[in-house]
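Some notes on the structure that comes next.
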Amino acid sequence: MLEFYLSNEYWFAATQLILAMFGMGATLTPKDFKDVFVEPLAVTSGTVIQLAAVPLATFVFLSAFDINAGVAVGIALIAAIPGGTASNIFTFFARGNAALSISITAITTLLCILTTPFILGILINQYLPADFVMPSAKIMREISLTLLVPLTAGMIFYYFQPKLAGILSKISIRISLIIILAIVIGSAMAGRLDLEAFGYNNVGIIFCFTLLLAIVAYTAPRIIGLNRANCGAIEFEVVVRNINLGVLINASIFPLADPSTAALGTLVLVSLLLYGGIMLLMSAVLIAFYRFRV
């Protein structure tokens, strides 16, 4: 089983992402994007914070510390990917503007076909071998096939079969969660999730980076003057990244089967999964903060 997972790690990640995005698309209608027109300032602000403020803060963070190359690439990848679909659910639980969250998630997902390879290329060049060439076209193709195509297919299915779409969405998302569990188990069995080998100082760096994004997410929309519900939505959009996409890009750029990139890819993967775990814990704190504060 372990050999099967290692040989098909990329396809595990791709299948999980396709099912998750199809499941999301099967719940969306054009009405979910109403905030683009109803609250253009909030949507524009959330998008700019995602695509400009987060990469800028990440650049400063990476420049300020002497960080291991694999961990630095992992952090850069986290900054380059868009927000995750879980942010919509967390925003709802926190009584934030869920419609705004959905709009920003969809917009940044559509834009990431261009922004992800661009941001990633700027942030990680100094951490890679001189002869390494960023496969931007490949990243763009994979984002299209695993994010945009299934998202669009899900929305089309919802349009023609609204009664079945809800059921199929739940099935797709639940299967995608099972695959995430398989990825975690497979990586653990392969010895890739050894925090002691990863280094507890690197664990601290990932925690500090997560905290940095939370500070940016909390501060930026309040400086702009957005209301509490909109601030909450943007905060979850910034903190809750699409780690699944990061795992896919990592498996594509730094395949485990290639001895020259396996070590780097392992550090990137641990950084991604560790951020994902800290992100969930921090999201629980944020939900409690927004839901129960007077």
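Ordered as shown in the structure tokens, chains take letters A, B, and onward, while each chain numbers its residues from 1 and ligands are numbered from 1 in the order shown.
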Tell me which protein, DNA and RNA residues are within 7 Å of stretch 231-248 of chain A, counting only C-alpha atoms, leaving out same-chain ones fewer than 3 positions away, and put them as a PDB file with all heavy atoms, in the first residue's frame.
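File produced: result.pdb:
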```
ATOM      1  N   TYR A  10       0.817  12.125  -6.622  1.00  0.00           N
ATOM      2  CA  TYR A  10       0.256  13.232  -7.401  1.00  0.00           C
ATOM      3  C   TYR A  10      -1.228  13.020  -7.673  1.00  0.00           C
ATOM      4  O   TYR A  10      -2.038  13.946  -7.539  1.00  0.00           O
ATOM      5  CB  TYR A  10       1.016  13.374  -8.723  1.00  0.00           C
ATOM      6  CG  TYR A  10       0.379  14.362  -9.671  1.00  0.00           C
ATOM      7  CD1 TYR A  10       0.669  15.712  -9.582  1.00  0.00           C
ATOM      8  CD2 TYR A  10      -0.531  13.936 -10.651  1.00  0.00           C
ATOM      9  CE1 TYR A  10       0.070  16.627 -10.437  1.00  0.00           C
ATOM     10  CE2 TYR A  10      -1.130  14.842 -11.513  1.00  0.00           C
ATOM     11  CZ  TYR A  10      -0.832  16.182 -11.398  1.00  0.00           C
ATOM     12  OH  TYR A  10      -1.425  17.079 -12.242  1.00  0.00           O
ATOM     13  N   ALA A  13      -3.518  13.635  -4.712  1.00  0.00           N
ATOM     14  CA  ALA A  13      -3.733  15.064  -4.499  1.00  0.00           C
ATOM     15  C   ALA A  13      -4.669  15.651  -5.553  1.00  0.00           C
ATOM     16  O   ALA A  13      -5.566  16.444  -5.243  1.00  0.00           O
ATOM     17  CB  ALA A  13      -2.395  15.803  -4.510  1.00  0.00           C
ATOM     18  N   ALA A  14      -4.466  15.253  -6.817  1.00  0.00           N
ATOM     19  CA  ALA A  14      -5.292  15.786  -7.899  1.00  0.00           C
ATOM     20  C   ALA A  14      -6.750  15.355  -7.762  1.00  0.00           C
ATOM     21  O   ALA A  14      -7.678  16.168  -7.910  1.00  0.00           O
ATOM     22  CB  ALA A  14      -4.738  15.333  -9.250  1.00  0.00           C
ATOM     23  N   LEU A  17      -8.519  17.210  -4.934  1.00  0.00           N
ATOM     24  CA  LEU A  17      -8.810  18.595  -5.263  1.00  0.00           C
ATOM     25  C   LEU A  17      -9.966  18.700  -6.255  1.00  0.00           C
ATOM     26  O   LEU A  17     -10.850  19.556  -6.116  1.00  0.00           O
ATOM     27  CB  LEU A  17      -7.555  19.249  -5.839  1.00  0.00           C
ATOM     28  CG  LEU A  17      -7.482  20.772  -5.807  1.00  0.00           C
ATOM     29  CD1 LEU A  17      -7.673  21.291  -4.395  1.00  0.00           C
ATOM     30  CD2 LEU A  17      -6.154  21.237  -6.374  1.00  0.00           C
ATOM     31  N   GLY A  46     -10.809  42.524   0.050  1.00  0.00           N
ATOM     32  CA  GLY A  46     -10.458  41.149   0.386  1.00  0.00           C
ATOM     33  C   GLY A  46      -9.557  40.515  -0.654  1.00  0.00           C
ATOM     34  O   GLY A  46      -8.601  39.798  -0.318  1.00  0.00           O
ATOM     35  N   GLN A  50      -5.567  39.443  -0.180  1.00  0.00           N
ATOM     36  CA  GLN A  50      -5.133  38.081  -0.515  1.00  0.00           C
ATOM     37  C   GLN A  50      -3.957  38.076  -1.478  1.00  0.00           C
ATOM     38  O   GLN A  50      -2.989  37.333  -1.295  1.00  0.00           O
ATOM     39  CB  GLN A  50      -6.296  37.310  -1.160  1.00  0.00           C
ATOM     40  CG  GLN A  50      -7.302  36.750  -0.184  1.00  0.00           C
ATOM     41  CD  GLN A  50      -6.844  35.396   0.346  1.00  0.00           C
ATOM     42  OE1 GLN A  50      -5.725  35.236   0.795  1.00  0.00           O
ATOM     43  NE2 GLN A  50      -7.716  34.429   0.305  1.00  0.00           N
ATOM     44  N   LEU A  77       4.771  28.871  -0.876  1.00  0.00           N
ATOM     45  CA  LEU A  77       3.668  28.181  -1.551  1.00  0.00           C
ATOM     46  C   LEU A  77       2.350  28.455  -0.837  1.00  0.00           C
ATOM     47  O   LEU A  77       1.311  28.660  -1.482  1.00  0.00           O
ATOM     48  CB  LEU A  77       3.951  26.676  -1.606  1.00  0.00           C
ATOM     49  CG  LEU A  77       2.962  25.796  -2.376  1.00  0.00           C
ATOM     50  CD1 LEU A  77       2.720  26.336  -3.775  1.00  0.00           C
ATOM     51  CD2 LEU A  77       3.505  24.365  -2.440  1.00  0.00           C
ATOM     52  N   ILE A  78       2.379  28.480   0.493  1.00  0.00           N
ATOM     53  CA  ILE A  78       1.174  28.801   1.269  1.00  0.00           C
ATOM     54  C   ILE A  78       0.678  30.200   0.912  1.00  0.00           C
ATOM     55  O   ILE A  78      -0.525  30.431   0.768  1.00  0.00           O
ATOM     56  CB  ILE A  78       1.477  28.702   2.781  1.00  0.00           C
ATOM     57  CG1 ILE A  78       1.732  27.247   3.182  1.00  0.00           C
ATOM     58  CG2 ILE A  78       0.322  29.272   3.604  1.00  0.00           C
ATOM     59  CD1 ILE A  78       2.328  27.077   4.553  1.00  0.00           C
ATOM     60  N   ILE A  81      -0.955  30.340  -2.856  1.00  0.00           N
ATOM     61  CA  ILE A  81      -2.221  29.683  -3.178  1.00  0.00           C
ATOM     62  C   ILE A  81      -3.386  30.497  -2.639  1.00  0.00           C
ATOM     63  O   ILE A  81      -3.224  31.273  -1.696  1.00  0.00           O
ATOM     64  CB  ILE A  81      -2.262  28.242  -2.605  1.00  0.00           C
ATOM     65  CG1 ILE A  81      -1.971  28.259  -1.099  1.00  0.00           C
ATOM     66  CG2 ILE A  81      -1.286  27.345  -3.351  1.00  0.00           C
ATOM     67  CD1 ILE A  81      -1.950  26.888  -0.454  1.00  0.00           C
ATOM     68  N   PRO A  82      -4.571  30.350  -3.220  1.00  0.00           N
ATOM     69  CA  PRO A  82      -5.734  31.124  -2.756  1.00  0.00           C
ATOM     70  C   PRO A  82      -6.304  30.561  -1.465  1.00  0.00           C
ATOM     71  O   PRO A  82      -5.821  29.551  -0.933  1.00  0.00           O
ATOM     72  CB  PRO A  82      -6.724  30.962  -3.911  1.00  0.00           C
ATOM     73  CG  PRO A  82      -6.394  29.619  -4.494  1.00  0.00           C
ATOM     74  CD  PRO A  82      -4.889  29.511  -4.383  1.00  0.00           C
ATOM     75  N   GLY A  83      -7.333  31.223  -0.956  1.00  0.00           N
ATOM     76  CA  GLY A  83      -8.015  30.739   0.237  1.00  0.00           C
ATOM     77  C   GLY A  83      -8.730  29.427  -0.044  1.00  0.00           C
ATOM     78  O   GLY A  83      -9.081  29.125  -1.185  1.00  0.00           O
ATOM     79  N   GLY A  84      -8.936  28.654   0.991  1.00  0.00           N
ATOM     80  CA  GLY A  84      -9.605  27.365   0.842  1.00  0.00           C
ATOM     81  C   GLY A  84     -11.113  27.469   0.997  1.00  0.00           C
ATOM     82  O   GLY A  84     -11.637  28.441   1.561  1.00  0.00           O
ATOM     83  N   SER A  87     -13.016  28.126   4.342  1.00  0.00           N
ATOM     84  CA  SER A  87     -13.187  29.479   4.876  1.00  0.00           C
ATOM     85  C   SER A  87     -14.646  29.909   4.811  1.00  0.00           C
ATOM     86  O   SER A  87     -15.115  30.663   5.688  1.00  0.00           O
ATOM     87  CB  SER A  87     -12.323  30.472   4.092  1.00  0.00           C
ATOM     88  OG  SER A  87     -12.717  30.524   2.729  1.00  0.00           O
ATOM     89  N   THR A  91     -16.586  30.994   8.125  1.00  0.00           N
ATOM     90  CA  THR A  91     -17.186  32.335   8.172  1.00  0.00           C
ATOM     91  C   THR A  91     -18.646  32.256   8.604  1.00  0.00           C
ATOM     92  O   THR A  91     -19.122  33.070   9.399  1.00  0.00           O
ATOM     93  CB  THR A  91     -17.085  33.017   6.800  1.00  0.00           C
ATOM     94  OG1 THR A  91     -15.710  33.163   6.438  1.00  0.00           O
ATOM     95  CG2 THR A  91     -17.736  34.394   6.822  1.00  0.00           C
ATOM     96  N   GLY A  96     -20.053  35.640  10.195  1.00  0.00           N
ATOM     97  CA  GLY A  96     -19.508  36.656   9.315  1.00  0.00           C
ATOM     98  C   GLY A  96     -20.318  36.719   8.033  1.00  0.00           C
ATOM     99  O   GLY A  96     -21.362  36.074   7.891  1.00  0.00           O
ATOM    100  N   ASN A  97     -19.837  37.496   7.066  1.00  0.00           N
ATOM    101  CA  ASN A  97     -20.524  37.647   5.781  1.00  0.00           C
ATOM    102  C   ASN A  97     -20.134  36.474   4.881  1.00  0.00           C
ATOM    103  O   ASN A  97     -19.144  36.539   4.154  1.00  0.00           O
ATOM    104  CB  ASN A  97     -20.136  38.979   5.141  1.00  0.00           C
ATOM    105  CG  ASN A  97     -20.969  39.301   3.916  1.00  0.00           C
ATOM    106  OD1 ASN A  97     -21.555  38.411   3.303  1.00  0.00           O
ATOM    107  ND2 ASN A  97     -21.015  40.571   3.552  1.00  0.00           N
ATOM    108  N   ALA A  98     -20.936  35.405   4.935  1.00  0.00           N
ATOM    109  CA  ALA A  98     -20.618  34.189   4.180  1.00  0.00           C
ATOM    110  C   ALA A  98     -20.652  34.436   2.677  1.00  0.00           C
ATOM    111  O   ALA A  98     -19.862  33.854   1.926  1.00  0.00           O
ATOM    112  CB  ALA A  98     -21.590  33.073   4.555  1.00  0.00           C
ATOM    113  N   LEU A 100     -19.864  37.159   1.115  1.00  0.00           N
ATOM    114  CA  LEU A 100     -18.600  37.824   0.765  1.00  0.00           C
ATOM    115  C   LEU A 100     -17.466  36.809   0.715  1.00  0.00           C
ATOM    116  O   LEU A 100     -16.633  36.837  -0.197  1.00  0.00           O
ATOM    117  CB  LEU A 100     -18.281  38.910   1.791  1.00  0.00           C
ATOM    118  CG  LEU A 100     -16.914  39.593   1.657  1.00  0.00           C
ATOM    119  CD1 LEU A 100     -16.813  40.323   0.322  1.00  0.00           C
ATOM    120  CD2 LEU A 100     -16.677  40.550   2.824  1.00  0.00           C
ATOM    121  N   SER A 101     -17.434  35.898   1.687  1.00  0.00           N
ATOM    122  CA  SER A 101     -16.407  34.858   1.716  1.00  0.00           C
ATOM    123  C   SER A 101     -16.443  34.017   0.450  1.00  0.00           C
ATOM    124  O   SER A 101     -15.399  33.725  -0.156  1.00  0.00           O
ATOM    125  CB  SER A 101     -16.599  33.978   2.956  1.00  0.00           C
ATOM    126  OG  SER A 101     -15.663  32.923   2.973  1.00  0.00           O
ATOM    127  N   LEU A 213      -0.032  35.883   9.356  1.00  0.00           N
ATOM    128  CA  LEU A 213      -1.182  35.997   8.453  1.00  0.00           C
ATOM    129  C   LEU A 213      -2.445  36.394   9.219  1.00  0.00           C
ATOM    130  O   LEU A 213      -3.258  37.179   8.722  1.00  0.00           O
ATOM    131  CB  LEU A 213      -1.413  34.673   7.722  1.00  0.00           C
ATOM    132  CG  LEU A 213      -0.370  34.258   6.674  1.00  0.00           C
ATOM    133  CD1 LEU A 213      -0.901  33.109   5.822  1.00  0.00           C
ATOM    134  CD2 LEU A 213       0.034  35.427   5.790  1.00  0.00           C
ATOM    135  N   ALA A 214      -2.593  35.866  10.438  1.00  0.00           N
ATOM    136  CA  ALA A 214      -3.756  36.224  11.250  1.00  0.00           C
ATOM    137  C   ALA A 214      -3.733  37.714  11.610  1.00  0.00           C
ATOM    138  O   ALA A 214      -4.783  38.385  11.601  1.00  0.00           O
ATOM    139  CB  ALA A 214      -3.790  35.373  12.522  1.00  0.00           C
ATOM    140  N   ALA A 217      -4.606  39.639   8.485  1.00  0.00           N
ATOM    141  CA  ALA A 217      -6.024  39.462   8.197  1.00  0.00           C
ATOM    142  C   ALA A 217      -6.900  40.268   9.151  1.00  0.00           C
ATOM    143  O   ALA A 217      -7.966  40.760   8.763  1.00  0.00           O
ATOM    144  CB  ALA A 217      -6.389  37.981   8.293  1.00  0.00           C
ATOM    145  N   TYR A 218      -6.458  40.396  10.398  1.00  0.00           N
ATOM    146  CA  TYR A 218      -7.238  41.139  11.388  1.00  0.00           C
ATOM    147  C   TYR A 218      -7.096  42.647  11.189  1.00  0.00           C
ATOM    148  O   TYR A 218      -8.061  43.397  11.309  1.00  0.00           O
ATOM    149  CB  TYR A 218      -6.784  40.758  12.799  1.00  0.00           C
ATOM    150  CG  TYR A 218      -7.566  41.447  13.896  1.00  0.00           C
ATOM    151  CD1 TYR A 218      -8.763  40.919  14.370  1.00  0.00           C
ATOM    152  CD2 TYR A 218      -7.094  42.645  14.460  1.00  0.00           C
ATOM    153  CE1 TYR A 218      -9.477  41.562  15.381  1.00  0.00           C
ATOM    154  CE2 TYR A 218      -7.813  43.285  15.463  1.00  0.00           C
ATOM    155  CZ  TYR A 218      -9.001  42.739  15.920  1.00  0.00           C
ATOM    156  OH  TYR A 218      -9.718  43.376  16.910  1.00  0.00           O
ATOM    157  N   PRO A 221      -8.387  44.791   6.995  1.00  0.00           N
ATOM    158  CA  PRO A 221      -9.765  45.232   6.714  1.00  0.00           C
ATOM    159  C   PRO A 221     -10.275  46.283   7.694  1.00  0.00           C
ATOM    160  O   PRO A 221     -11.132  47.097   7.345  1.00  0.00           O
ATOM    161  CB  PRO A 221     -10.576  43.931   6.819  1.00  0.00           C
ATOM    162  CG  PRO A 221      -9.753  43.013   7.642  1.00  0.00           C
ATOM    163  CD  PRO A 221      -8.333  43.358   7.345  1.00  0.00           C
ATOM    164  N   ARG A 222      -9.744  46.292   8.911  1.00  0.00           N
ATOM    165  CA  ARG A 222     -10.165  47.294   9.893  1.00  0.00           C
ATOM    166  C   ARG A 222      -9.563  48.662   9.572  1.00  0.00           C
ATOM    167  O   ARG A 222     -10.190  49.698   9.831  1.00  0.00           O
ATOM    168  CB  ARG A 222      -9.777  46.840  11.304  1.00  0.00           C
ATOM    169  CG  ARG A 222     -10.691  45.723  11.805  1.00  0.00           C
ATOM    170  CD  ARG A 222     -10.189  45.035  13.057  1.00  0.00           C
ATOM    171  NE  ARG A 222     -11.166  44.066  13.545  1.00  0.00           N
ATOM    172  CZ  ARG A 222     -11.347  42.852  13.026  1.00  0.00           C
ATOM    173  NH1 ARG A 222     -10.590  42.461  12.002  1.00  0.00           N
ATOM    174  NH2 ARG A 222     -12.262  42.050  13.503  1.00  0.00           N
ATOM    175  N   LEU A 226     -13.953  48.428   7.192  1.00  0.00           N
ATOM    176  CA  LEU A 226     -15.059  47.517   6.918  1.00  0.00           C
ATOM    177  C   LEU A 226     -15.759  47.126   8.218  1.00  0.00           C
ATOM    178  O   LEU A 226     -15.169  47.194   9.306  1.00  0.00           O
ATOM    179  CB  LEU A 226     -14.541  46.261   6.211  1.00  0.00           C
ATOM    180  CG  LEU A 226     -13.848  46.499   4.867  1.00  0.00           C
ATOM    181  CD1 LEU A 226     -13.380  45.165   4.281  1.00  0.00           C
ATOM    182  CD2 LEU A 226     -14.772  47.207   3.885  1.00  0.00           C
ATOM    183  N   ASN A 227     -17.012  46.696   8.092  1.00  0.00           N
ATOM    184  CA  ASN A 227     -17.758  46.323   9.293  1.00  0.00           C
ATOM    185  C   ASN A 227     -17.320  44.958   9.812  1.00  0.00           C
ATOM    186  O   ASN A 227     -16.545  44.248   9.169  1.00  0.00           O
ATOM    187  CB  ASN A 227     -19.275  46.350   9.037  1.00  0.00           C
ATOM    188  CG  ASN A 227     -19.708  45.342   7.986  1.00  0.00           C
ATOM    189  OD1 ASN A 227     -19.215  44.214   7.911  1.00  0.00           O
ATOM    190  ND2 ASN A 227     -20.659  45.736   7.140  1.00  0.00           N
ATOM    191  N   ARG A 228     -17.849  44.585  10.981  1.00  0.00           N
ATOM    192  CA  ARG A 228     -17.405  43.382  11.678  1.00  0.00           C
ATOM    193  C   ARG A 228     -17.620  42.123  10.846  1.00  0.00           C
ATOM    194  O   ARG A 228     -16.748  41.244  10.778  1.00  0.00           O
ATOM    195  CB  ARG A 228     -18.152  43.263  13.004  1.00  0.00           C
ATOM    196  CG  ARG A 228     -17.850  42.002  13.804  1.00  0.00           C
ATOM    197  CD  ARG A 228     -18.618  42.028  15.134  1.00  0.00           C
ATOM    198  NE  ARG A 228     -18.458  40.793  15.870  1.00  0.00           N
ATOM    199  CZ  ARG A 228     -19.191  39.706  15.659  1.00  0.00           C
ATOM    200  NH1 ARG A 228     -20.122  39.714  14.718  1.00  0.00           N
ATOM    201  NH2 ARG A 228     -18.998  38.610  16.378  1.00  0.00           N
ATOM    202  N   ALA A 251       3.685  18.109  -5.119  1.00  0.00           N
ATOM    203  CA  ALA A 251       3.885  16.782  -5.707  1.00  0.00           C
ATOM    204  C   ALA A 251       4.274  16.881  -7.176  1.00  0.00           C
ATOM    205  O   ALA A 251       4.974  16.021  -7.708  1.00  0.00           O
ATOM    206  CB  ALA A 251       2.611  15.947  -5.560  1.00  0.00           C
ATOM    207  N   SER A 252       3.835  17.951  -7.833  1.00  0.00           N
ATOM    208  CA  SER A 252       4.142  18.136  -9.249  1.00  0.00           C
ATOM    209  C   SER A 252       5.539  18.706  -9.460  1.00  0.00           C
ATOM    210  O   SER A 252       6.294  18.232 -10.315  1.00  0.00           O
ATOM    211  CB  SER A 252       3.108  19.079  -9.876  1.00  0.00           C
ATOM    212  OG  SER A 252       3.437  19.374 -11.214  1.00  0.00           O
ATOM    213  N   LEU A 269       6.169  19.623   2.017  1.00  0.00           N
ATOM    214  CA  LEU A 269       4.936  18.935   2.391  1.00  0.00           C
ATOM    215  C   LEU A 269       4.660  19.060   3.881  1.00  0.00           C
ATOM    216  O   LEU A 269       3.526  19.357   4.289  1.00  0.00           O
ATOM    217  CB  LEU A 269       5.017  17.452   2.007  1.00  0.00           C
ATOM    218  CG  LEU A 269       3.795  16.609   2.417  1.00  0.00           C
ATOM    219  CD1 LEU A 269       2.558  17.073   1.671  1.00  0.00           C
ATOM    220  CD2 LEU A 269       4.059  15.130   2.155  1.00  0.00           C
ATOM    221  N   LEU A 272       3.405  22.470   4.667  1.00  0.00           N
ATOM    222  CA  LEU A 272       2.010  22.645   4.253  1.00  0.00           C
ATOM    223  C   LEU A 272       1.052  21.990   5.241  1.00  0.00           C
ATOM    224  O   LEU A 272       0.074  22.613   5.687  1.00  0.00           O
ATOM    225  CB  LEU A 272       1.803  22.037   2.863  1.00  0.00           C
ATOM    226  CG  LEU A 272       2.430  22.780   1.683  1.00  0.00           C
ATOM    227  CD1 LEU A 272       2.426  21.897   0.437  1.00  0.00           C
ATOM    228  CD2 LEU A 272       1.682  24.083   1.406  1.00  0.00           C
ATOM    229  N   GLY A 276      -1.600  23.591   7.847  1.00  0.00           N
ATOM    230  CA  GLY A 276      -3.002  23.200   7.802  1.00  0.00           C
ATOM    231  C   GLY A 276      -3.546  22.858   9.179  1.00  0.00           C
ATOM    232  O   GLY A 276      -4.673  23.238   9.525  1.00  0.00           O
ATOM    233  N   MET A 279      -3.658  26.053  11.248  1.00  0.00           N
ATOM    234  CA  MET A 279      -4.726  26.865  10.662  1.00  0.00           C
ATOM    235  C   MET A 279      -6.087  26.461  11.214  1.00  0.00           C
ATOM    236  O   MET A 279      -6.930  27.308  11.539  1.00  0.00           O
ATOM    237  CB  MET A 279      -4.688  26.704   9.139  1.00  0.00           C
ATOM    238  CG  MET A 279      -5.830  27.304   8.369  1.00  0.00           C
ATOM    239  SD  MET A 279      -5.764  26.761   6.629  1.00  0.00           S
ATOM    240  CE  MET A 279      -6.518  25.109   6.768  1.00  0.00           C
TER     241      MET A 279
END
```
Polymer residues at most 9 Å from A:Ile124, only C-alpha atoms, same-chain spacing of 5 or more positions, as a ChimeraX atom specification: /A:69,72-73,76-77,119
Output file for the residues above (N, CA and C atoms, as a tab-separated table (two decimals), in the first residue's frame):
```tsv
chain	number	residue	atom	x	y	z
A	69	ALA	N	15.71	26.21	3.28
A	69	ALA	CA	15.16	26.39	1.93
A	69	ALA	C	13.83	25.67	1.75
A	72	ALA	N	11.15	27.49	3.63
A	72	ALA	CA	10.88	28.77	2.97
A	72	ALA	C	10.01	28.57	1.73
A	73	VAL	N	10.30	27.53	0.96
A	73	VAL	CA	9.49	27.25	-0.23
A	73	VAL	C	8.07	26.87	0.19
A	76	ALA	N	6.31	30.07	1.10
A	76	ALA	CA	6.01	30.82	-0.12
A	76	ALA	C	4.82	30.20	-0.86
A	77	LEU	N	4.77	28.87	-0.88
A	77	LEU	CA	3.67	28.18	-1.55
A	77	LEU	C	2.35	28.45	-0.84
A	119	ILE	N	3.48	34.77	-8.07
A	119	ILE	CA	3.89	35.02	-6.68
A	119	ILE	C	4.94	34.00	-6.25
```
For atom CA of A:Gly166 and atom CA of A:Leu110, the interatomic separation in Å (one decimal):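 These atoms are spaced 22.5 Å apart.
Among the candidate residues A:Ile113, A:Ser169, A:Gly277, A:Ile139, the one lying nearest to A:Ala153 is A:Ser169, with distances computed using only C-alpha atoms.
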Point-to-point distance from atom CA of A:Ile173 to atom CA of A:Leu19, Å rounded to tenths: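 One can read the atom CA of A:Ile173 to atom CA of A:Leu19 distance as 6.2 Å.
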